[in-house]
Amino acid sequence: MRGRYSPRGLSAAARRGDERPPLDLRSDTVTKPTAAMRRAMAQAEVGDDVYGEDPTVNQLEQRAAEIFAKEAGLFLPSGTMGNTVAVKIHTRHGQEVICEARSHVVNYELAMMAWFSGCVPRVIHTPDGILTWERIRAEIRPLGPHWAPTGLIEIENTHNMAGGTVYPLEVLEQICDGAHEAGLKVHVDGARIFNAAACLGVPVRQLAAKADSVMFCLSKGLGAPVGSLLVGTAEAMAAARLYRKRLGGGMRQAGVLAAAGLIALEEMPARLEEDHANARLLAGALERMEGIRLTHPVQTNIVIFDVSGAGITAQEFSARLASRGVRINPVNATSLRLVTHLDAGRAECERALTALAEVAAGAAMNRGGERLPAAAELG
Ligand code: TLP
């Protein structure tokens with residue numbers, strides 16, 4: 001029953017008398033809509049978007065297209081659907097999609113490029129998530145007696161699992177120029193492209209200029225509760241609209257979501273540097289903790305660090321941190337990812353630092369000792 005006291009439901013932090021709600025650094029997807037977003041949602045003018053009659057959705061799509069200097073935009077419920085639809089409009093069944101080995105489109109979208117578009121990924125391993133035209137060119141395949149032809153090049157900017165890394169502008173341009181000369185399209189998974197733009201100090205339209213389509217998320221660093229956009233040519237977006245419907249993404253009075261999205265799009269990019277500064281603060285301190293190693297230089301709002309030197313698994317590190325009221329997820333057996341965002345300001349990040357330092361110091365103390373205490377004992 002709701003509200004009933006349950007000691008088992010309490011975290012160790014709460015049992016110690018720390019009543020603050022857990023600090024959630026698992027992702028920038030966890031942010032709650034701001035008061036301004038909630039007001040705009042309540043007041044949004046709406047219509048049936050499947051008929052193209054929702055004025056707020058139409059406004060959001062138009063603004064996205066303007067900001068990215070593309071002909072048209074399409075509002076979708078998620079980034080996954082945006083990438084799925086983009087792969088579909090640019091490819092035919094039986095083709096390959098060239099992408100980086102740790103990209104979201106390969107690892108976290110339930111094989112949608114195979115399921116919906118009949119394509120397979122041709123992955124390129126990189127140390128930092130950043131592809132170059134040289135590496136891509138070597139993987140392009142023509143149709144042959146044994147080969148599936150390349151249908152599309154997909155790049156992720158920022159690259160999530162490489163630690164929020166950013167494509168240098170000239171690398172992006174070389175990829176797009178090379179691809180176009182080879183008769184191929186480029187789709188950018190720009191879930192966090194505003195973070196990339198903030199890092200480089202350039203407008204997103206410059207990062208998007210030569211790409212054929214860009215997907216970006218309103219529901220990550222920009223703080224909206226729901227939604228992503230795909231931008232590109234009017235013809236491509238008209239095709240994408242039909243695929244969105246096929247996937248069940250035709251929403252009706254979606255203006256309530258688009259209203260929050262407009263605030264995210266117009267007002268939130270300007271504050272992303274705060275998240276980047278907080279990520280640098282956390283990374284700088286983590287680097288000095290015994291047994292901890294950053295896997296990449298931190299450029300944006302994502303910090304990935306390896307704890308194997310502390311003699312503790314990523315899972316155990318995460319559990320011990322959770323018992324101190326801070327949530328972050330492992331990305332594999334030895335590394336964890338933390339993501340800064342709108343709902344975790346400087347004070348919260350300092351609180352996270354204290355917890356991280358305690359867990360790292362506890363692990364270091366036990367390293368070489370007889371037994372690592374379980375998270376529950378530390379609580
Ligand atoms: N990323 C999520 C998880 O799915 C891993 C996160 O917490 O970072 N492209 C990129 C680069 C992403 O990071 C994500 C989400 C998506 C696409 C998909 O967006 P949604 O969650 O809206 O489908």
# chains A, B, ... in the order shown; residues from 1 in each chain; ligands from 1
>>> residues_near_ligand(ligand="ligand 1", cutoff="9 Å", atoms="only C-alpha atoms and all ligand atoms", output="PDB file with N, CA and C atoms, in the first residue's frame")
ATOM      1  N   ARG A  26      22.723   8.235 -13.566  1.00  0.00           N
ATOM      2  CA  ARG A  26      22.775   7.114 -14.521  1.00  0.00           C
ATOM      3  C   ARG A  26      22.730   7.609 -15.955  1.00  0.00           C
ATOM      4  N   SER A  27      21.992   8.702 -16.160  1.00  0.00           N
ATOM      5  CA  SER A  27      21.878   9.228 -17.527  1.00  0.00           C
ATOM      6  C   SER A  27      21.296  10.639 -17.465  1.00  0.00           C
ATOM      7  N   ASP A  28      21.451  11.383 -18.553  1.00  0.00           N
ATOM      8  CA  ASP A  28      20.763  12.675 -18.656  1.00  0.00           C
ATOM      9  C   ASP A  28      19.323  12.489 -19.125  1.00  0.00           C
ATOM     10  N   THR A  29      18.908  11.250 -19.314  1.00  0.00           N
ATOM     11  CA  THR A  29      17.504  10.990 -19.658  1.00  0.00           C
ATOM     12  C   THR A  29      16.595  11.087 -18.426  1.00  0.00           C
ATOM     13  N   VAL A  30      17.181  11.155 -17.229  1.00  0.00           N
ATOM     14  CA  VAL A  30      16.367  11.047 -16.011  1.00  0.00           C
ATOM     15  C   VAL A  30      15.778  12.376 -15.545  1.00  0.00           C
ATOM     16  N   LEU A  76       9.427  12.814 -33.073  1.00  0.00           N
ATOM     17  CA  LEU A  76       9.237  11.375 -32.798  1.00  0.00           C
ATOM     18  C   LEU A  76       9.272  11.134 -31.293  1.00  0.00           C
ATOM     19  N   PRO A  77       8.672  10.028 -30.853  1.00  0.00           N
ATOM     20  CA  PRO A  77       8.668   9.775 -29.413  1.00  0.00           C
ATOM     21  C   PRO A  77      10.040   9.476 -28.823  1.00  0.00           C
ATOM     22  N   SER A  78      10.972   8.971 -29.623  1.00  0.00           N
ATOM     23  CA  SER A  78      12.272   8.611 -29.029  1.00  0.00           C
ATOM     24  C   SER A  78      13.392   8.719 -30.053  1.00  0.00           C
ATOM     25  N   GLY A  79      14.607   8.742 -29.526  1.00  0.00           N
ATOM     26  CA  GLY A  79      15.785   8.756 -30.387  1.00  0.00           C
ATOM     27  C   GLY A  79      15.925   7.448 -31.139  1.00  0.00           C
ATOM     28  N   THR A  80      15.575   6.363 -30.479  1.00  0.00           N
ATOM     29  CA  THR A  80      15.654   5.050 -31.130  1.00  0.00           C
ATOM     30  C   THR A  80      14.762   5.031 -32.367  1.00  0.00           C
ATOM     31  N   MET A  81      13.551   5.577 -32.236  1.00  0.00           N
ATOM     32  CA  MET A  81      12.675   5.599 -33.412  1.00  0.00           C
ATOM     33  C   MET A  81      13.244   6.520 -34.494  1.00  0.00           C
ATOM     34  N   GLY A  82      13.859   7.622 -34.084  1.00  0.00           N
ATOM     35  CA  GLY A  82      14.465   8.535 -35.057  1.00  0.00           C
ATOM     36  C   GLY A  82      15.569   7.855 -35.845  1.00  0.00           C
ATOM     37  N   ASN A  83      16.454   7.120 -35.151  1.00  0.00           N
ATOM     38  CA  ASN A  83      17.533   6.410 -35.854  1.00  0.00           C
ATOM     39  C   ASN A  83      16.965   5.303 -36.739  1.00  0.00           C
ATOM     40  N   SER A 103      28.601   2.125 -31.143  1.00  0.00           N
ATOM     41  CA  SER A 103      27.521   3.088 -31.374  1.00  0.00           C
ATOM     42  C   SER A 103      26.185   2.586 -30.821  1.00  0.00           C
ATOM     43  N   HIS A 104      25.359   3.541 -30.494  1.00  0.00           N
ATOM     44  CA  HIS A 104      24.043   3.233 -29.919  1.00  0.00           C
ATOM     45  C   HIS A 104      23.214   2.416 -30.889  1.00  0.00           C
ATOM     46  N   VAL A 105      23.304   2.780 -32.167  1.00  0.00           N
ATOM     47  CA  VAL A 105      22.471   2.140 -33.181  1.00  0.00           C
ATOM     48  C   VAL A 105      22.780   0.638 -33.283  1.00  0.00           C
ATOM     49  N   ASN A 107      24.346  -1.184 -30.553  1.00  0.00           N
ATOM     50  CA  ASN A 107      24.357  -1.884 -29.259  1.00  0.00           C
ATOM     51  C   ASN A 107      23.123  -1.715 -28.392  1.00  0.00           C
ATOM     52  N   TYR A 108      22.348  -0.674 -28.647  1.00  0.00           N
ATOM     53  CA  TYR A 108      21.271  -0.372 -27.686  1.00  0.00           C
ATOM     54  C   TYR A 108      19.919  -0.169 -28.352  1.00  0.00           C
ATOM     55  N   GLU A 109      19.758  -0.655 -29.566  1.00  0.00           N
ATOM     56  CA  GLU A 109      18.473  -0.428 -30.243  1.00  0.00           C
ATOM     57  C   GLU A 109      17.861  -1.735 -30.724  1.00  0.00           C
ATOM     58  N   GLU A 156      27.970   8.952 -34.646  1.00  0.00           N
ATOM     59  CA  GLU A 156      27.329   9.337 -33.377  1.00  0.00           C
ATOM     60  C   GLU A 156      28.109  10.495 -32.764  1.00  0.00           C
ATOM     61  N   ASN A 157      27.439  11.618 -32.582  1.00  0.00           N
ATOM     62  CA  ASN A 157      28.109  12.834 -32.129  1.00  0.00           C
ATOM     63  C   ASN A 157      27.220  13.563 -31.124  1.00  0.00           C
ATOM     64  N   THR A 158      27.553  13.588 -29.830  1.00  0.00           N
ATOM     65  CA  THR A 158      28.721  13.036 -29.195  1.00  0.00           C
ATOM     66  C   THR A 158      28.623  11.508 -29.155  1.00  0.00           C
ATOM     67  N   HIS A 159      29.773  10.857 -29.000  1.00  0.00           N
ATOM     68  CA  HIS A 159      29.736   9.397 -28.921  1.00  0.00           C
ATOM     69  C   HIS A 159      29.562   8.976 -27.462  1.00  0.00           C
ATOM     70  N   ASN A 160      28.389   8.415 -27.205  1.00  0.00           N
ATOM     71  CA  ASN A 160      27.994   8.100 -25.834  1.00  0.00           C
ATOM     72  C   ASN A 160      28.980   7.172 -25.128  1.00  0.00           C
ATOM     73  N   MET A 161      29.124   5.957 -25.637  1.00  0.00           N
ATOM     74  CA  MET A 161      29.897   4.952 -24.904  1.00  0.00           C
ATOM     75  C   MET A 161      31.412   5.114 -25.058  1.00  0.00           C
ATOM     76  N   GLY A 164      31.263  10.425 -24.381  1.00  0.00           N
ATOM     77  CA  GLY A 164      30.776  11.759 -24.791  1.00  0.00           C
ATOM     78  C   GLY A 164      31.760  12.503 -25.666  1.00  0.00           C
ATOM     79  N   ASP A 189      23.585  10.334 -35.652  1.00  0.00           N
ATOM     80  CA  ASP A 189      22.889  10.154 -34.380  1.00  0.00           C
ATOM     81  C   ASP A 189      23.419  11.256 -33.483  1.00  0.00           C
ATOM     82  N   GLY A 190      22.670  12.349 -33.472  1.00  0.00           N
ATOM     83  CA  GLY A 190      23.071  13.509 -32.680  1.00  0.00           C
ATOM     84  C   GLY A 190      22.221  13.613 -31.432  1.00  0.00           C
ATOM     85  N   ALA A 191      21.980  12.461 -30.789  1.00  0.00           N
ATOM     86  CA  ALA A 191      21.199  12.481 -29.544  1.00  0.00           C
ATOM     87  C   ALA A 191      21.693  13.624 -28.654  1.00  0.00           C
ATOM     88  N   ARG A 192      23.024  13.804 -28.629  1.00  0.00           N
ATOM     89  CA  ARG A 192      23.628  14.863 -27.797  1.00  0.00           C
ATOM     90  C   ARG A 192      24.405  15.854 -28.670  1.00  0.00           C
ATOM     91  N   MET A 215      19.411  13.094 -36.228  1.00  0.00           N
ATOM     92  CA  MET A 215      18.453  12.857 -35.152  1.00  0.00           C
ATOM     93  C   MET A 215      19.020  13.522 -33.908  1.00  0.00           C
ATOM     94  N   PHE A 216      18.187  14.273 -33.188  1.00  0.00           N
ATOM     95  CA  PHE A 216      18.648  14.769 -31.880  1.00  0.00           C
ATOM     96  C   PHE A 216      17.540  14.602 -30.848  1.00  0.00           C
ATOM     97  N   CYS A 217      17.961  14.480 -29.588  1.00  0.00           N
ATOM     98  CA  CYS A 217      17.005  14.219 -28.507  1.00  0.00           C
ATOM     99  C   CYS A 217      16.731  15.486 -27.705  1.00  0.00           C
ATOM    100  N   LEU A 218      15.453  15.702 -27.417  1.00  0.00           N
ATOM    101  CA  LEU A 218      15.050  16.778 -26.514  1.00  0.00           C
ATOM    102  C   LEU A 218      15.103  16.292 -25.069  1.00  0.00           C
ATOM    103  N   SER A 219      15.069  14.977 -24.911  1.00  0.00           N
ATOM    104  CA  SER A 219      14.855  14.378 -23.586  1.00  0.00           C
ATOM    105  C   SER A 219      16.150  13.979 -22.898  1.00  0.00           C
ATOM    106  N   LYS A 220      17.284  14.487 -23.375  1.00  0.00           N
ATOM    107  CA  LYS A 220      18.550  14.202 -22.679  1.00  0.00           C
ATOM    108  C   LYS A 220      19.045  15.510 -22.038  1.00  0.00           C
ATOM    109  N   VAL A 226      10.028  14.020 -22.963  1.00  0.00           N
ATOM    110  CA  VAL A 226       9.867  13.041 -24.042  1.00  0.00           C
ATOM    111  C   VAL A 226      10.206  13.708 -25.374  1.00  0.00           C
ATOM    112  N   GLY A 227      10.791  12.949 -26.272  1.00  0.00           N
ATOM    113  CA  GLY A 227      10.810  13.399 -27.667  1.00  0.00           C
ATOM    114  C   GLY A 227      12.168  13.608 -28.297  1.00  0.00           C
ATOM    115  N   SER A 228      12.198  13.334 -29.598  1.00  0.00           N
ATOM    116  CA  SER A 228      13.384  13.534 -30.428  1.00  0.00           C
ATOM    117  C   SER A 228      12.924  14.086 -31.768  1.00  0.00           C
ATOM    118  N   VAL A 339      26.674  10.536 -15.831  1.00  0.00           N
ATOM    119  CA  VAL A 339      26.240  11.561 -16.778  1.00  0.00           C
ATOM    120  C   VAL A 339      25.700  12.750 -15.987  1.00  0.00           C
TER     121      VAL A 339
END
>>> select_by_dssp(residues="range 129-206 of chain A", states="helix (DSSP H, G or I)", output="ChimeraX atom specification")
/A:133-137,169-181,193-200,204-206
>>> write_last_selection(atoms="N, CA, C and O atoms", output="JSON list (two decimals), in the first residue's frame")
[["chain", "number", "residue", "atom", "x", "y", "z"],
["A", 133, "TRP", "N", 37.30, 9.51, -42.40],
["A", 133, "TRP", "CA", 36.98, 9.09, -43.76],
["A", 133, "TRP", "C", 37.92, 7.96, -44.21],
["A", 133, "TRP", "O", 37.48, 7.03, -44.87],
["A", 134, "GLU", "N", 39.19, 8.01, -43.82],
["A", 134, "GLU", "CA", 40.14, 6.95, -44.21],
["A", 134, "GLU", "C", 39.64, 5.59, -43.74],
["A", 134, "GLU", "O", 39.62, 4.62, -44.50],
["A", 135, "ARG", "N", 39.23, 5.53, -42.45],
["A", 135, "ARG", "CA", 38.77, 4.25, -41.90],
["A", 135, "ARG", "C", 37.48, 3.80, -42.60],
["A", 135, "ARG", "O", 37.29, 2.62, -42.90],
["A", 136, "ILE", "N", 36.60, 4.73, -42.87],
["A", 136, "ILE", "CA", 35.32, 4.39, -43.49],
["A", 136, "ILE", "C", 35.54, 3.91, -44.93],
["A", 136, "ILE", "O", 35.00, 2.89, -45.35],
["A", 137, "ARG", "N", 36.38, 4.66, -45.65],
["A", 137, "ARG", "CA", 36.60, 4.33, -47.07],
["A", 137, "ARG", "C", 37.05, 2.88, -47.23],
["A", 137, "ARG", "O", 36.63, 2.18, -48.15],
["A", 169, "LEU", "N", 35.15, 19.32, -36.37],
["A", 169, "LEU", "CA", 34.35, 19.74, -37.51],
["A", 169, "LEU", "C", 34.93, 19.26, -38.85],
["A", 169, "LEU", "O", 34.22, 18.76, -39.72],
["A", 170, "GLU", "N", 36.27, 19.36, -38.98],
["A", 170, "GLU", "CA", 36.86, 18.99, -40.28],
["A", 170, "GLU", "C", 36.75, 17.49, -40.53],
["A", 170, "GLU", "O", 36.62, 17.05, -41.68],
["A", 171, "VAL", "N", 36.75, 16.69, -39.46],
["A", 171, "VAL", "CA", 36.60, 15.23, -39.63],
["A", 171, "VAL", "C", 35.20, 14.90, -40.13],
["A", 171, "VAL", "O", 35.01, 14.10, -41.05],
["A", 172, "LEU", "N", 34.22, 15.59, -39.54],
["A", 172, "LEU", "CA", 32.82, 15.43, -39.98],
["A", 172, "LEU", "C", 32.68, 15.78, -41.45],
["A", 172, "LEU", "O", 32.04, 15.06, -42.23],
["A", 173, "GLU", "N", 33.27, 16.92, -41.82],
["A", 173, "GLU", "CA", 33.12, 17.40, -43.20],
["A", 173, "GLU", "C", 33.79, 16.44, -44.18],
["A", 173, "GLU", "O", 33.23, 16.15, -45.24],
["A", 174, "GLN", "N", 34.98, 15.93, -43.79],
["A", 174, "GLN", "CA", 35.66, 14.98, -44.69],
["A", 174, "GLN", "C", 34.81, 13.72, -44.87],
["A", 174, "GLN", "O", 34.72, 13.18, -45.97],
["A", 175, "ILE", "N", 34.19, 13.25, -43.79],
["A", 175, "ILE", "CA", 33.35, 12.04, -43.90],
["A", 175, "ILE", "C", 32.19, 12.30, -44.86],
["A", 175, "ILE", "O", 31.91, 11.51, -45.76],
["A", 176, "CYS", "N", 31.52, 13.43, -44.68],
["A", 176, "CYS", "CA", 30.35, 13.72, -45.52],
["A", 176, "CYS", "C", 30.77, 13.92, -46.98],
["A", 176, "CYS", "O", 30.14, 13.38, -47.89],
["A", 177, "ASP", "N", 31.86, 14.66, -47.21],
["A", 177, "ASP", "CA", 32.31, 14.88, -48.59],
["A", 177, "ASP", "C", 32.68, 13.55, -49.24],
["A", 177, "ASP", "O", 32.30, 13.27, -50.38],
["A", 178, "GLY", "N", 33.45, 12.74, -48.51],
["A", 178, "GLY", "CA", 33.88, 11.44, -49.05],
["A", 178, "GLY", "C", 32.68, 10.55, -49.35],
["A", 178, "GLY", "O", 32.59, 9.92, -50.41],
["A", 179, "ALA", "N", 31.74, 10.51, -48.40],
["A", 179, "ALA", "CA", 30.55, 9.66, -48.58],
["A", 179, "ALA", "C", 29.77, 10.11, -49.81],
["A", 179, "ALA", "O", 29.36, 9.28, -50.63],
["A", 180, "HIS", "N", 29.57, 11.40, -49.94],
["A", 180, "HIS", "CA", 28.76, 11.89, -51.07],
["A", 180, "HIS", "C", 29.45, 11.61, -52.40],
["A", 180, "HIS", "O", 28.79, 11.24, -53.37],
["A", 181, "GLU", "N", 30.78, 11.77, -52.42],
["A", 181, "GLU", "CA", 31.51, 11.41, -53.66],
["A", 181, "GLU", "C", 31.33, 9.94, -53.99],
["A", 181, "GLU", "O", 31.29, 9.55, -55.16],
["A", 193, "ILE", "N", 23.87, 16.20, -29.81],
["A", 193, "ILE", "CA", 24.62, 17.08, -30.72],
["A", 193, "ILE", "C", 24.74, 18.50, -30.15],
["A", 193, "ILE", "O", 25.72, 19.20, -30.43],
["A", 194, "PHE", "N", 23.78, 18.89, -29.30],
["A", 194, "PHE", "CA", 23.92, 20.22, -28.68],
["A", 194, "PHE", "C", 25.10, 20.24, -27.71],
["A", 194, "PHE", "O", 25.73, 21.28, -27.52],
["A", 195, "ASN", "N", 25.40, 19.08, -27.09],
["A", 195, "ASN", "CA", 26.59, 19.02, -26.23],
["A", 195, "ASN", "C", 27.85, 19.16, -27.08],
["A", 195, "ASN", "O", 28.81, 19.81, -26.67],
["A", 196, "ALA", "N", 27.83, 18.53, -28.26],
["A", 196, "ALA", "CA", 28.99, 18.64, -29.15],
["A", 196, "ALA", "C", 29.18, 20.09, -29.58],
["A", 196, "ALA", "O", 30.30, 20.61, -29.59],
["A", 197, "ALA", "N", 28.07, 20.74, -29.93],
["A", 197, "ALA", "CA", 28.14, 22.14, -30.38],
["A", 197, "ALA", "C", 28.65, 23.04, -29.25],
["A", 197, "ALA", "O", 29.48, 23.93, -29.48],
["A", 198, "ALA", "N", 28.17, 22.79, -28.03],
["A", 198, "ALA", "CA", 28.62, 23.60, -26.89],
["A", 198, "ALA", "C", 30.12, 23.40, -26.67],
["A", 198, "ALA", "O", 30.85, 24.35, -26.39],
["A", 199, "CYS", "N", 30.57, 22.16, -26.81],
["A", 199, "CYS", "CA", 31.99, 21.87, -26.60],
["A", 199, "CYS", "C", 32.85, 22.59, -27.63],
["A", 199, "CYS", "O", 33.89, 23.15, -27.30],
["A", 200, "LEU", "N", 32.40, 22.60, -28.88],
["A", 200, "LEU", "CA", 33.21, 23.21, -29.94],
["A", 200, "LEU", "C", 32.97, 24.72, -30.06],
["A", 200, "LEU", "O", 33.70, 25.41, -30.76],
["A", 204, "VAL", "N", 24.75, 24.27, -33.93],
["A", 204, "VAL", "CA", 24.51, 22.89, -34.41],
["A", 204, "VAL", "C", 24.38, 22.85, -35.94],
["A", 204, "VAL", "O", 24.72, 21.84, -36.55],
["A", 205, "ARG", "N", 23.91, 23.95, -36.53],
["A", 205, "ARG", "CA", 23.73, 23.92, -37.99],
["A", 205, "ARG", "C", 25.06, 23.67, -38.70],
["A", 205, "ARG", "O", 25.11, 23.10, -39.78],
["A", 206, "GLN", "N", 26.15, 24.09, -38.07],
["A", 206, "GLN", "CA", 27.46, 23.87, -38.69],
["A", 206, "GLN", "C", 27.85, 22.39, -38.62],
["A", 206, "GLN", "O", 28.43, 21.84, -39.55]]
>>> atom_distance(atom1="CA of Leu294 in chain A", atom2="CA of Cys349 in chain A")
17.0 Å
>>> residues_around(residues="Glu100 in chain A", least_positions_apart="2", cutoff="7 Å", atoms="only C-alpha atoms", output="ChimeraX atom specification")
/A:102-103,123-125,129,131
>>> write_last_selection(atoms="all heavy atoms", output="short mmCIF file (atom, residue, chain, number, x, y, z; two decimals), in the first residue's frame")
data_model
loop_
_atom_site.label_atom_id
_atom_site.label_comp_id
_atom_site.auth_asym_id
_atom_site.auth_seq_id
_atom_site.Cartn_x
_atom_site.Cartn_y
_atom_site.Cartn_z
N ARG A 102 30.97 0.81 -30.94
CA ARG A 102 30.20 0.99 -29.70
C ARG A 102 28.99 1.88 -29.89
O ARG A 102 28.39 2.36 -28.92
CB ARG A 102 31.11 1.59 -28.61
CG ARG A 102 32.05 0.57 -28.01
CD ARG A 102 33.10 1.24 -27.17
NE ARG A 102 34.00 2.05 -27.99
CZ ARG A 102 34.96 2.84 -27.53
NH1 ARG A 102 35.13 2.96 -26.23
NH2 ARG A 102 35.73 3.52 -28.35
N SER A 103 28.60 2.12 -31.14
CA SER A 103 27.52 3.09 -31.37
C SER A 103 26.19 2.59 -30.82
O SER A 103 25.93 1.39 -30.73
CB SER A 103 27.40 3.41 -32.87
OG SER A 103 27.23 2.22 -33.59
N VAL A 123 30.91 -2.72 -38.50
CA VAL A 123 31.42 -1.83 -37.45
C VAL A 123 32.91 -1.58 -37.60
O VAL A 123 33.65 -2.44 -38.08
CB VAL A 123 31.11 -2.34 -36.03
CG1 VAL A 123 29.62 -2.51 -35.82
CG2 VAL A 123 31.86 -3.62 -35.71
N ILE A 124 33.30 -0.41 -37.17
CA ILE A 124 34.72 -0.03 -37.15
C ILE A 124 35.08 0.26 -35.69
O ILE A 124 34.41 1.06 -35.03
CB ILE A 124 34.96 1.23 -38.01
CG1 ILE A 124 34.57 0.95 -39.47
CG2 ILE A 124 36.42 1.69 -37.90
CD1 ILE A 124 34.71 2.15 -40.40
N HIS A 125 36.13 -0.41 -35.22
CA HIS A 125 36.57 -0.18 -33.83
C HIS A 125 37.50 1.03 -33.78
O HIS A 125 38.41 1.14 -34.60
CB HIS A 125 37.31 -1.41 -33.30
CG HIS A 125 36.40 -2.59 -33.13
ND1 HIS A 125 35.82 -2.92 -31.92
CD2 HIS A 125 35.94 -3.49 -34.03
CE1 HIS A 125 35.05 -3.98 -32.08
NE2 HIS A 125 35.11 -4.35 -33.35
N GLY A 129 35.79 6.50 -30.37
CA GLY A 129 34.44 6.62 -30.92
C GLY A 129 34.37 7.47 -32.18
O GLY A 129 33.30 7.64 -32.76
N LEU A 131 35.09 8.18 -35.95
CA LEU A 131 35.46 7.60 -37.25
C LEU A 131 36.16 8.66 -38.10
O LEU A 131 35.97 9.86 -37.88
CB LEU A 131 34.20 7.13 -37.99
CG LEU A 131 33.41 6.00 -37.34
CD1 LEU A 131 32.12 5.74 -38.12
CD2 LEU A 131 34.25 4.73 -37.25
#
>>> atom_distance(atom1="CA of Ala234 in chain A", atom2="CA of Glu154 in chain A")
20.0 Å
>>> residues_around(residues="Ala65 in chain A", least_positions_apart="2", cutoff="10 Å", atoms="only C-alpha atoms", output="ChimeraX atom specification")
/A:59-63,67-74,205,229-234
>>> select_by_dssp(residues="range 186-254 of chain A", states="strand (DSSP E or B)", output="JSON, numbers by chain")
{"A": [186, 187, 188, 189, 213, 214, 215, 216, 217, 228, 229, 230, 231, 232]}
>>> residues_around(residues="Gly163 in chain A", least_positions_apart="2", cutoff="8 Å", atoms="only C-alpha atoms", output="PyMOL selection string")
chain A and resi 128+159-161+165+295-298+302-304+337
>>> residues_around(residues="Ile98 in chain A", least_positions_apart="3", cutoff="6 Å", atoms="only C-alpha atoms", output="number ranges by chain")
A: 121-123, 153
>>> atom_distance(atom1="CA of Ala208 in chain A", atom2="CA of Ala277 in chain A")
24.5 Å
>>> closest_residue(among="A:Ala344, A:Val331, A:Met237, A:Ile312", to="Val85 in chain A", atoms="only C-alpha atoms")
A:Met237
>>> closest_residue(among="A:Ala224, A:Val188, A:Ile89, A:Leu282", to="Ala355 in chain A", atoms="only C-alpha atoms")
A:Leu282
>>> closest_residue(among="A:Val359, A:Thr300, A:Gly223, A:Ile292", to="Ser318 in chain A", atoms="only C-alpha atoms")
A:Val359
